[in-house]
Amino acid sequence: MLNTSKRSRESSEEKGPNDLYHTSIHRALKQRSTSTRRFGRTFNVSARFVLPLFHCPNNNIFQFIFPDRELCTPFYCDYSHHAFDGQLLAVADEDGRLSLLRTDKDNDVNNLEYHHSFYCHQHAMTDVKWSMDDSMLVTASIDRVVRLWDAELNTSLAEFAGHSDTVRSVNWHPTNEHLIITGSKDGSFKIWDTRFNQKVSNDTSDAITMPVYSAIKTVNNAHSDAKNPNKTTKKSGFQTLIIRSVTCAMFLSSNEDQVISSGSVDGKIKLWDVRAGRIAKPIESTVFENEQGRKYGITDMKIDHSGTRLFSSCLDNSIYMHDLSDLSKPARRYLDPEYKVGSYDTKISLSPDDQFLLSGSHDKDVFAWEVDGPFDKAHLYHGHSKKVTGVSWNKRNINQKIFSLLVVQRILQVEFGN
């Protein structure tokens with residue numbers, strides 16, 4: 001929720017310099033988000049003015065707890081597309097619980113009716129995403145199961161079973177609500193279609209049997225590295241197990257026949273042809289490695305709203321941007337001397353106008369870059385006491401609600417005026 005004070009329309013001479021500053025920034029933000037042109041030119045404002053406007057007041061800090069009152073860690077989050085003006089936030093935590101928060105309402109006890117939680121999994125959740133019409137949520141967990149939920153009734157609609165290890169990511173097709181794609185620690189990605197491969201759950205404990213789906217396409221060993229097979233140690237004779245996770249998988253824009261995936265051990269991003277009736281094959285790929293040949297895994301990926309640029313966070317403490325027309329080399333690299341990705345649970349997010357890039361980090365801070373530069377220095381948001389995993393920008397721009405974003409446990413808002 002954005003905090004804007006009502007002011008009488010006085011002449012600029014009667015306003016103080018601080019009022020003039022915030023008024024001009026406010027106007028610039030609105031013009032930037034709506035791409036308004038004046039006299040044939042777009043008015044842009046530098047990120048060094050926009051990003052410092054985000055703050056987190058105490059009434060926007062939400063603590064998550066276990067039933068025994070111990071602190072519980074929220075991992076991942078996703079803002080709704082339209083519901084409640086895009087202010088409904090889904091937060092997945094380590095207790096297998098999903099919380100729906102109205103971020104236009106603060107943490108005051110009188111607002112409890114606007115925030116509620118329900119259990120989705122028996123173990124920690126690893127991802128959550130809203131459907132495009134906000135009627136459903138899809139969740140993933142370390143219990144290897146993906147579930148579909150009615151967002152209003154908070155009831156389970158379906159289950160997607162088939163992965164043999166932790167599900168790392170889950171994503172909807174951007175235009176076809178029947179298609180879902182998942183990436184897993186078992187080294188595969190799977191495509192699911194709620195119109196096909198349905199069977200009845202074997203769990204008779206449910207009063208109403210829930211449909212269970214099997215994948216319409218599975219790509220095993222999607223990121224196995226032939227050059228680095230499991231190594232056998234000389235002393236013990238045992239093989240060292242190398243887990244080749246698919247850390248993220250997503251459809252390429254509105255195309256149903258192309259998928260992009262990222263790996264852990266092989267350090268690759270691959271573009272796949274997944275047309276029905278054919279064996280899935282990689283069309284193009286890129287690898288992240290240093291001069292010594294060391295490969296760095298990818299933790300998360302996002303495609304911009306135009307469907308032309310891919311952003312990926314890498315364990316070499318960088319975020320890369322690729323033009324999807326050419327994956328062979330990155331077009332840009334975003335850095336900061338203090339930026340540490342640290343682990344595969346670090347996520348990234350793009351602002352609704354694709355102007356800003358946000359990332360969690362291993363070092364308790366949130367990092368934000370302007371997409372068009374500078375690329376070697378981020379704006380930092382402090383306040384967390386441990387590593388930041390999930391981040392999400394509000395997907396809508398309405399009036400003064402330019403960019404609301406959530407950093408797990410803390411909601412940042414733009415403040416204008418004193």
# chains A, B, ... in the order shown; residues from 1 in each chain; ligands from 1
>>> residues_around(residues="A:Leu98", least_positions_apart="6", cutoff="6 Å", atoms="only C-alpha atoms", output="list in words")
Val91, Ala92, Ser117 and Phe118 of chain A
>>> residues_around(residues="stretch 307-319 of chain A", least_positions_apart="2", cutoff="8 Å", atoms="only C-alpha atoms", output="VMD selection string")
chain A and resid 252 to 253 288 296 to 305 321 to 325 333 to 335 339 to 344 347 to 348
>>> write_last_selection(atoms="C-alpha atoms", output="PDB file, in the first residue's frame")
ATOM      1  CA  LEU A 252       8.818 -19.691 -23.789  1.00  0.00           C
ATOM      2  CA  SER A 253       6.200 -16.904 -23.911  1.00  0.00           C
ATOM      3  CA  PHE A 288      28.104 -20.316 -17.372  1.00  0.00           C
ATOM      4  CA  TYR A 296      28.170 -22.265 -12.082  1.00  0.00           C
ATOM      5  CA  GLY A 297      24.579 -23.357 -11.573  1.00  0.00           C
ATOM      6  CA  ILE A 298      21.504 -21.242 -12.217  1.00  0.00           C
ATOM      7  CA  THR A 299      19.143 -20.553  -9.308  1.00  0.00           C
ATOM      8  CA  ASP A 300      16.202 -18.872 -11.052  1.00  0.00           C
ATOM      9  CA  MET A 301      15.002 -17.434 -14.365  1.00  0.00           C
ATOM     10  CA  LYS A 302      12.477 -14.819 -15.477  1.00  0.00           C
ATOM     11  CA  ILE A 303      11.294 -13.779 -18.956  1.00  0.00           C
ATOM     12  CA  ASP A 304      10.288 -10.149 -19.450  1.00  0.00           C
ATOM     13  CA  HIS A 305       6.762  -9.175 -20.444  1.00  0.00           C
ATOM     14  CA  MET A 321      20.371 -11.000 -19.362  1.00  0.00           C
ATOM     15  CA  HIS A 322      20.120 -12.873 -22.656  1.00  0.00           C
ATOM     16  CA  ASP A 323      18.261 -11.899 -25.789  1.00  0.00           C
ATOM     17  CA  LEU A 324      16.109 -14.947 -26.490  1.00  0.00           C
ATOM     18  CA  SER A 325      16.943 -14.598 -30.162  1.00  0.00           C
ATOM     19  CA  ARG A 333      25.660  -8.863 -16.587  1.00  0.00           C
ATOM     20  CA  TYR A 334      24.442  -7.342 -13.319  1.00  0.00           C
ATOM     21  CA  LEU A 335      26.891  -7.209 -10.410  1.00  0.00           C
ATOM     22  CA  TYR A 339      25.940  -9.415  -3.930  1.00  0.00           C
ATOM     23  CA  LYS A 340      26.150 -13.104  -2.950  1.00  0.00           C
ATOM     24  CA  VAL A 341      23.679 -15.598  -4.402  1.00  0.00           C
ATOM     25  CA  GLY A 342      24.873 -18.379  -2.137  1.00  0.00           C
ATOM     26  CA  SER A 343      22.321 -21.141  -2.759  1.00  0.00           C
ATOM     27  CA  TYR A 344      19.689 -22.468  -5.143  1.00  0.00           C
ATOM     28  CA  LYS A 347      14.971 -15.989  -6.465  1.00  0.00           C
ATOM     29  CA  ILE A 348      14.684 -12.941  -8.728  1.00  0.00           C
TER      30      ILE A 348
END
>>> residues_around(residues="stretch 264-277 of chain A", least_positions_apart="5", cutoff="10 Å", atoms="only C-alpha atoms", output="PyMOL selection string")
chain A and resi 185+187+191+216-219+222-228+242-252+256-259+282-289+294-299+301+312+314-315+324+327-328+344
>>> write_last_selection(atoms="C-alpha atoms", output="PDB file, in the first residue's frame")
ATOM      1  CA  LYS A 185      15.962 -32.192  -8.215  1.00  0.00           C
ATOM      2  CA  GLY A 187      17.011 -34.098 -13.015  1.00  0.00           C
ATOM      3  CA  ILE A 191       4.751 -30.869 -18.604  1.00  0.00           C
ATOM      4  CA  ILE A 216       2.043 -35.586 -20.731  1.00  0.00           C
ATOM      5  CA  LYS A 217       5.780 -35.187 -21.366  1.00  0.00           C
ATOM      6  CA  THR A 218       8.815 -35.949 -19.228  1.00  0.00           C
ATOM      7  CA  VAL A 219      12.396 -35.031 -20.098  1.00  0.00           C
ATOM      8  CA  ALA A 222      17.698 -32.731 -18.900  1.00  0.00           C
ATOM      9  CA  HIS A 223      20.915 -31.274 -17.516  1.00  0.00           C
ATOM     10  CA  SER A 224      23.217 -34.261 -17.121  1.00  0.00           C
ATOM     11  CA  ASP A 225      26.816 -33.373 -17.886  1.00  0.00           C
ATOM     12  CA  ALA A 226      28.489 -36.063 -19.991  1.00  0.00           C
ATOM     13  CA  LYS A 227      31.922 -34.548 -19.365  1.00  0.00           C
ATOM     14  CA  ASN A 228      31.577 -34.891 -15.580  1.00  0.00           C
ATOM     15  CA  ILE A 242      26.336 -35.627  -8.265  1.00  0.00           C
ATOM     16  CA  ILE A 243      22.798 -34.264  -8.204  1.00  0.00           C
ATOM     17  CA  ARG A 244      21.924 -32.699 -11.543  1.00  0.00           C
ATOM     18  CA  SER A 245      18.835 -30.698 -10.709  1.00  0.00           C
ATOM     19  CA  VAL A 246      16.591 -28.814 -13.067  1.00  0.00           C
ATOM     20  CA  THR A 247      16.452 -25.620 -11.037  1.00  0.00           C
ATOM     21  CA  CYS A 248      13.833 -23.873 -13.173  1.00  0.00           C
ATOM     22  CA  ALA A 249      11.664 -24.722 -16.184  1.00  0.00           C
ATOM     23  CA  MET A 250       9.242 -22.437 -17.994  1.00  0.00           C
ATOM     24  CA  PHE A 251       7.367 -22.077 -21.249  1.00  0.00           C
ATOM     25  CA  LEU A 252       8.818 -19.691 -23.789  1.00  0.00           C
ATOM     26  CA  GLU A 256       3.414 -24.343 -26.197  1.00  0.00           C
ATOM     27  CA  ASP A 257       6.113 -26.213 -28.116  1.00  0.00           C
ATOM     28  CA  GLN A 258       9.203 -24.571 -26.638  1.00  0.00           C
ATOM     29  CA  VAL A 259      10.511 -24.757 -23.082  1.00  0.00           C
ATOM     30  CA  PRO A 282      17.552 -28.974 -27.098  1.00  0.00           C
ATOM     31  CA  ILE A 283      17.572 -26.337 -29.829  1.00  0.00           C
ATOM     32  CA  GLU A 284      20.053 -23.942 -28.273  1.00  0.00           C
ATOM     33  CA  SER A 285      21.987 -23.601 -25.040  1.00  0.00           C
ATOM     34  CA  THR A 286      24.431 -21.456 -23.124  1.00  0.00           C
ATOM     35  CA  VAL A 287      26.816 -22.369 -20.318  1.00  0.00           C
ATOM     36  CA  PHE A 288      28.104 -20.316 -17.372  1.00  0.00           C
ATOM     37  CA  GLU A 289      31.734 -21.090 -16.649  1.00  0.00           C
ATOM     38  CA  ARG A 294      34.422 -24.198 -13.570  1.00  0.00           C
ATOM     39  CA  LYS A 295      30.671 -24.213 -14.154  1.00  0.00           C
ATOM     40  CA  TYR A 296      28.170 -22.265 -12.082  1.00  0.00           C
ATOM     41  CA  GLY A 297      24.579 -23.357 -11.573  1.00  0.00           C
ATOM     42  CA  ILE A 298      21.504 -21.242 -12.217  1.00  0.00           C
ATOM     43  CA  THR A 299      19.143 -20.553  -9.308  1.00  0.00           C
ATOM     44  CA  MET A 301      15.002 -17.434 -14.365  1.00  0.00           C
ATOM     45  CA  SER A 312      18.917 -15.610 -14.834  1.00  0.00           C
ATOM     46  CA  CYS A 314      23.868 -17.506 -11.288  1.00  0.00           C
ATOM     47  CA  LEU A 315      25.990 -18.900  -8.470  1.00  0.00           C
ATOM     48  CA  LEU A 324      16.109 -14.947 -26.490  1.00  0.00           C
ATOM     49  CA  LEU A 327      21.348 -17.537 -26.173  1.00  0.00           C
ATOM     50  CA  SER A 328      24.975 -18.030 -27.154  1.00  0.00           C
ATOM     51  CA  TYR A 344      19.689 -22.468  -5.143  1.00  0.00           C
TER      52      TYR A 344
END
>>> atom_distance(atom1="atom CA of A:Phe375", atom2="atom CA of A:Leu350")
15.1 Å
>>> closest_residue(among="A:Asp104, A:Asp336, A:Glu370, A:Asp345", to="A:Pro74", atoms="only C-alpha atoms")
A:Asp345
>>> select_by_dssp(residues="stretch 175-322 of chain A", states="strand (DSSP E)", output="ChimeraX atom specification")
/A:179-184,189-193,198-200,211-213,217-219,231-232,239-240,246-251,258-263,268-273,281-287,298-303,309-314,318-322
>>> write_last_selection(atoms="C-alpha atoms", output="PDB file, in the first residue's frame")
ATOM      1  CA  LEU A 179      -0.589 -26.307 -18.977  1.00  0.00           C
ATOM      2  CA  ILE A 180       1.885 -26.409 -16.089  1.00  0.00           C
ATOM      3  CA  ILE A 181       5.599 -27.167 -16.123  1.00  0.00           C
ATOM      4  CA  THR A 182       7.794 -28.322 -13.249  1.00  0.00           C
ATOM      5  CA  GLY A 183      11.526 -28.746 -12.716  1.00  0.00           C
ATOM      6  CA  SER A 184      12.920 -31.135 -10.128  1.00  0.00           C
ATOM      7  CA  PHE A 189      11.226 -31.401 -16.108  1.00  0.00           C
ATOM      8  CA  LYS A 190       7.633 -32.415 -16.699  1.00  0.00           C
ATOM      9  CA  ILE A 191       4.751 -30.869 -18.604  1.00  0.00           C
ATOM     10  CA  TRP A 192       1.233 -31.391 -17.244  1.00  0.00           C
ATOM     11  CA  ASP A 193      -2.117 -30.810 -18.948  1.00  0.00           C
ATOM     12  CA  GLN A 198      -6.246 -37.869 -15.141  1.00  0.00           C
ATOM     13  CA  LYS A 199      -6.821 -40.675 -12.668  1.00  0.00           C
ATOM     14  CA  VAL A 200      -8.537 -40.942  -9.284  1.00  0.00           C
ATOM     15  CA  PRO A 211      -8.013 -36.100  -9.365  1.00  0.00           C
ATOM     16  CA  VAL A 212      -4.366 -36.982  -9.847  1.00  0.00           C
ATOM     17  CA  TYR A 213      -2.553 -36.204 -13.084  1.00  0.00           C
ATOM     18  CA  LYS A 217       5.780 -35.187 -21.366  1.00  0.00           C
ATOM     19  CA  THR A 218       8.815 -35.949 -19.228  1.00  0.00           C
ATOM     20  CA  VAL A 219      12.396 -35.031 -20.098  1.00  0.00           C
ATOM     21  CA  LYS A 231      33.382 -39.931  -9.914  1.00  0.00           C
ATOM     22  CA  THR A 232      34.728 -43.069  -8.259  1.00  0.00           C
ATOM     23  CA  GLN A 239      30.893 -43.307  -6.701  1.00  0.00           C
ATOM     24  CA  THR A 240      30.355 -39.707  -5.653  1.00  0.00           C
ATOM     25  CA  VAL A 246      16.591 -28.814 -13.067  1.00  0.00           C
ATOM     26  CA  THR A 247      16.452 -25.620 -11.037  1.00  0.00           C
ATOM     27  CA  CYS A 248      13.833 -23.873 -13.173  1.00  0.00           C
ATOM     28  CA  ALA A 249      11.664 -24.722 -16.184  1.00  0.00           C
ATOM     29  CA  MET A 250       9.242 -22.437 -17.994  1.00  0.00           C
ATOM     30  CA  PHE A 251       7.367 -22.077 -21.249  1.00  0.00           C
ATOM     31  CA  GLN A 258       9.203 -24.571 -26.638  1.00  0.00           C
ATOM     32  CA  VAL A 259      10.511 -24.757 -23.082  1.00  0.00           C
ATOM     33  CA  ILE A 260      13.518 -23.171 -21.422  1.00  0.00           C
ATOM     34  CA  SER A 261      15.261 -24.890 -18.504  1.00  0.00           C
ATOM     35  CA  SER A 262      18.228 -24.253 -16.227  1.00  0.00           C
ATOM     36  CA  GLY A 263      20.574 -26.686 -14.513  1.00  0.00           C
ATOM     37  CA  LYS A 268      23.528 -24.497 -18.621  1.00  0.00           C
ATOM     38  CA  ILE A 269      20.368 -22.870 -19.856  1.00  0.00           C
ATOM     39  CA  LYS A 270      18.683 -24.881 -22.619  1.00  0.00           C
ATOM     40  CA  LEU A 271      15.935 -24.074 -25.095  1.00  0.00           C
ATOM     41  CA  TRP A 272      13.893 -27.193 -25.912  1.00  0.00           C
ATOM     42  CA  ASP A 273      11.617 -28.330 -28.712  1.00  0.00           C
ATOM     43  CA  LYS A 281      15.509 -32.038 -28.097  1.00  0.00           C
ATOM     44  CA  PRO A 282      17.552 -28.974 -27.098  1.00  0.00           C
ATOM     45  CA  ILE A 283      17.572 -26.337 -29.829  1.00  0.00           C
ATOM     46  CA  GLU A 284      20.053 -23.942 -28.273  1.00  0.00           C
ATOM     47  CA  SER A 285      21.987 -23.601 -25.040  1.00  0.00           C
ATOM     48  CA  THR A 286      24.431 -21.456 -23.124  1.00  0.00           C
ATOM     49  CA  VAL A 287      26.816 -22.369 -20.318  1.00  0.00           C
ATOM     50  CA  ILE A 298      21.504 -21.242 -12.217  1.00  0.00           C
ATOM     51  CA  THR A 299      19.143 -20.553  -9.308  1.00  0.00           C
ATOM     52  CA  ASP A 300      16.202 -18.872 -11.052  1.00  0.00           C
ATOM     53  CA  MET A 301      15.002 -17.434 -14.365  1.00  0.00           C
ATOM     54  CA  LYS A 302      12.477 -14.819 -15.477  1.00  0.00           C
ATOM     55  CA  ILE A 303      11.294 -13.779 -18.956  1.00  0.00           C
ATOM     56  CA  ARG A 309      14.689 -11.125 -22.820  1.00  0.00           C
ATOM     57  CA  LEU A 310      15.706 -13.768 -20.305  1.00  0.00           C
ATOM     58  CA  PHE A 311      17.126 -12.946 -16.850  1.00  0.00           C
ATOM     59  CA  SER A 312      18.917 -15.610 -14.834  1.00  0.00           C
ATOM     60  CA  SER A 313      20.608 -15.583 -11.424  1.00  0.00           C
ATOM     61  CA  CYS A 314      23.868 -17.506 -11.288  1.00  0.00           C
ATOM     62  CA  SER A 318      25.775 -12.407 -11.080  1.00  0.00           C
ATOM     63  CA  ILE A 319      22.486 -11.962 -12.881  1.00  0.00           C
ATOM     64  CA  TYR A 320      22.656 -12.298 -16.652  1.00  0.00           C
ATOM     65  CA  MET A 321      20.371 -11.000 -19.362  1.00  0.00           C
ATOM     66  CA  HIS A 322      20.120 -12.873 -22.656  1.00  0.00           C
TER      67      HIS A 322
END
>>> closest_residue(among="A:Phe62, A:Asn197, A:Gly383, A:Thr209", to="A:Val109", atoms="only C-alpha atoms")
A:Phe62
>>> closest_residue(among="A:His384, A:Asp326, A:Thr194, A:Thr155", to="A:Ile61", atoms="only C-alpha atoms")
A:His384
>>> closest_residue(among="A:Tyr381, A:Phe66, A:Tyr114, A:Phe75", to="A:Lys364", atoms="only C-alpha atoms")
A:Tyr381
>>> closest_residue(among="A:Cys72, A:Ala124, A:Ala331, A:Ala151", to="A:Leu89", atoms="only C-alpha atoms")
A:Ala151
